[in-house]
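Read the structure below first, then the notes.
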Amino acid sequence: MSGTDMSIHKRTAAREAADMVKSGMVVGLGTGSTAAYMIERLGERVAEGLEIFGIPTSDDSEDKALKAGIPLTDFGAHRRIDIAIDGADEVQRGSLNLIKGLGGALLREKIVAQAAKRFVIIVDGTKPVDLLGERAPVPVEVISFGWECTAEHLAACGARGVKPRTDRAGSLFVTDTGNMILDCHFGPIENPEKLAEKIDRIVGVVEHGMFLNMVSDVLVATPEGVERWEP
């Protein structure tokens with residue numbers, strides 16, 4: 001399948017997810033290319049009369065939402081989100097556990113997902129896997145102080161490679177919250193819950209990109225149409 005065809009399928013799934021939103025909802029706005037299609041569709045629906053508030057998961061999503069005309073709010077006004085819609089880098093078949101964070105917004109994405117009554121994921125057909133880590137590294141957001149020591153502890157958890165993320169200019173990537181990301185290559189992860197517990201105990205780790213037992217629905221864009229998966 002060509003990249004153009006894939007984009008068309010992703011846009012179809014993203015628009016279907018956006019059409020789940022109803023007036024009166026507070027909506028978590030994901031980050032990334034697939035989420036951008038969703039934000040675009042929500043902007044169209046707002047122009048048609050849909051009344052919602054959005055909470056974006058990144059500065060980029062905030063900019064896109066404002067340009068689309070979506071009114072924004074924050075957790076100071078709304079502690080709970082009715083529905084959050086986002087993409088993912090891997091989705092484990094069966095459990096629907098996720099790896100997220102290759103776009104650099106995993107911390108805010110997980111805060112929004114945890115606050116959401118319903119967490120909907122949109123992916124293309126390349127993202128489902130049998131085990132997390134088959135294709136994607138686990139992004140781990142860390143504070144910059146002592147990150148070298150944090151990286152050693154992550155390696156001791158079984159990572160075959162731990163690499164600081166860089167931007168296009170070759171400088172260290174900095175998240176919207178001012179932290180670094182270490183991309184950790186574990187390979188196929190047999191027990192993500194156990195690995196998550198180990199990573200959570202490391203001082204210097206802010207959050208990791210394994211989203212476990214959080215998903216309500218997954219929309220998978222395929223050439224045959226949009227498949228909906230549920231846990």
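Scheme for the structure tokens: letters A, B, ... for chains in order shown; per-chain residue numbers from 1; ligand numbers from 1 in order shown.
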
message: Which residues are close to Ile111 in chain A, i.e. within 12 Å by only C-alpha atoms, leaving aside same-chain residues fewer than 2 positions away? Reply as a PyMOL selection string.
response: chain A and resi 28-30+55-58+74-75+79-81+84+105-109+113-116+119+206-209+211+214

Dump as a tab-separated table the rows for residues of range 43-103 of chain A within 12 Å of range 189-205 of chain A: closest atom pair and distance in Å with one decimal, only C-alpha atoms counted, ordered by chain and rising residue number.
```
residue	atom	partner	partner_atom	distance
A:Gln92	CA	A:Ile189	CA	10.4
A:Ser95	CA	A:Pro192	CA	10.9
A:Leu96	CA	A:Pro192	CA	11.9
A:Asn97	CA	A:Pro192	CA	8.7
A:Leu98	CA	A:Pro192	CA	9.9
A:Ile99	CA	A:Pro192	CA	10.2
```

Write the residues you've just listed into a file as a compact mmCIF listing (two decimals), in the first residue's frame, and include C-alpha atoms for each of them.
```
# COMPACT_ATOMS: atom_id res chain seq x y z
CA GLN A 92 -1.01 -5.39 21.08
CA SER A 95 -4.98 -6.91 25.26
CA LEU A 96 -4.95 -3.66 23.25
CA ASN A 97 -2.00 -2.46 25.31
CA LEU A 98 -0.12 0.32 23.56
CA ILE A 99 3.25 1.87 22.98
```

I'd like a table as CSV: residues in range 119-199 of chain A with an atom no more than 12 Å from range 6-13 of chain A, each row giving the shortest atom pair and its distance in Å to one decimal, only C-alpha atoms counted, sorted by chain and rising residue number.
```
residue,atom,partner,partner_atom,distance
A:Val120,CA,A:Ala13,CA,10.9
A:Ile121,CA,A:Ala13,CA,9.6
A:Ile122,CA,A:Ala13,CA,6.5
A:Val123,CA,A:Lys10,CA,6.8
A:Asp124,CA,A:Lys10,CA,5.9
A:Gly125,CA,A:Met6,CA,8.6
A:Thr126,CA,A:Met6,CA,9.5
A:Lys127,CA,A:Lys10,CA,11.6
```

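From CA of Leu182 in chain A back to CA of Arg168 in chain A, the distance works out to 15.8 Å.
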
message: I'd like to know which residues of range 9-220 of chain A are strand (DSSP E or B) (by DSSP, run on the backbone); could you write them as a VMD selection string?
response: chain A and resid 26 to 29 53 to 56 72 81 83 to 86 90 to 92 98 to 99 116 119 to 124 128 to 129 138 to 142 161 to 164 166 172 180 to 185 205 to 208 210 to 211 217 to 220
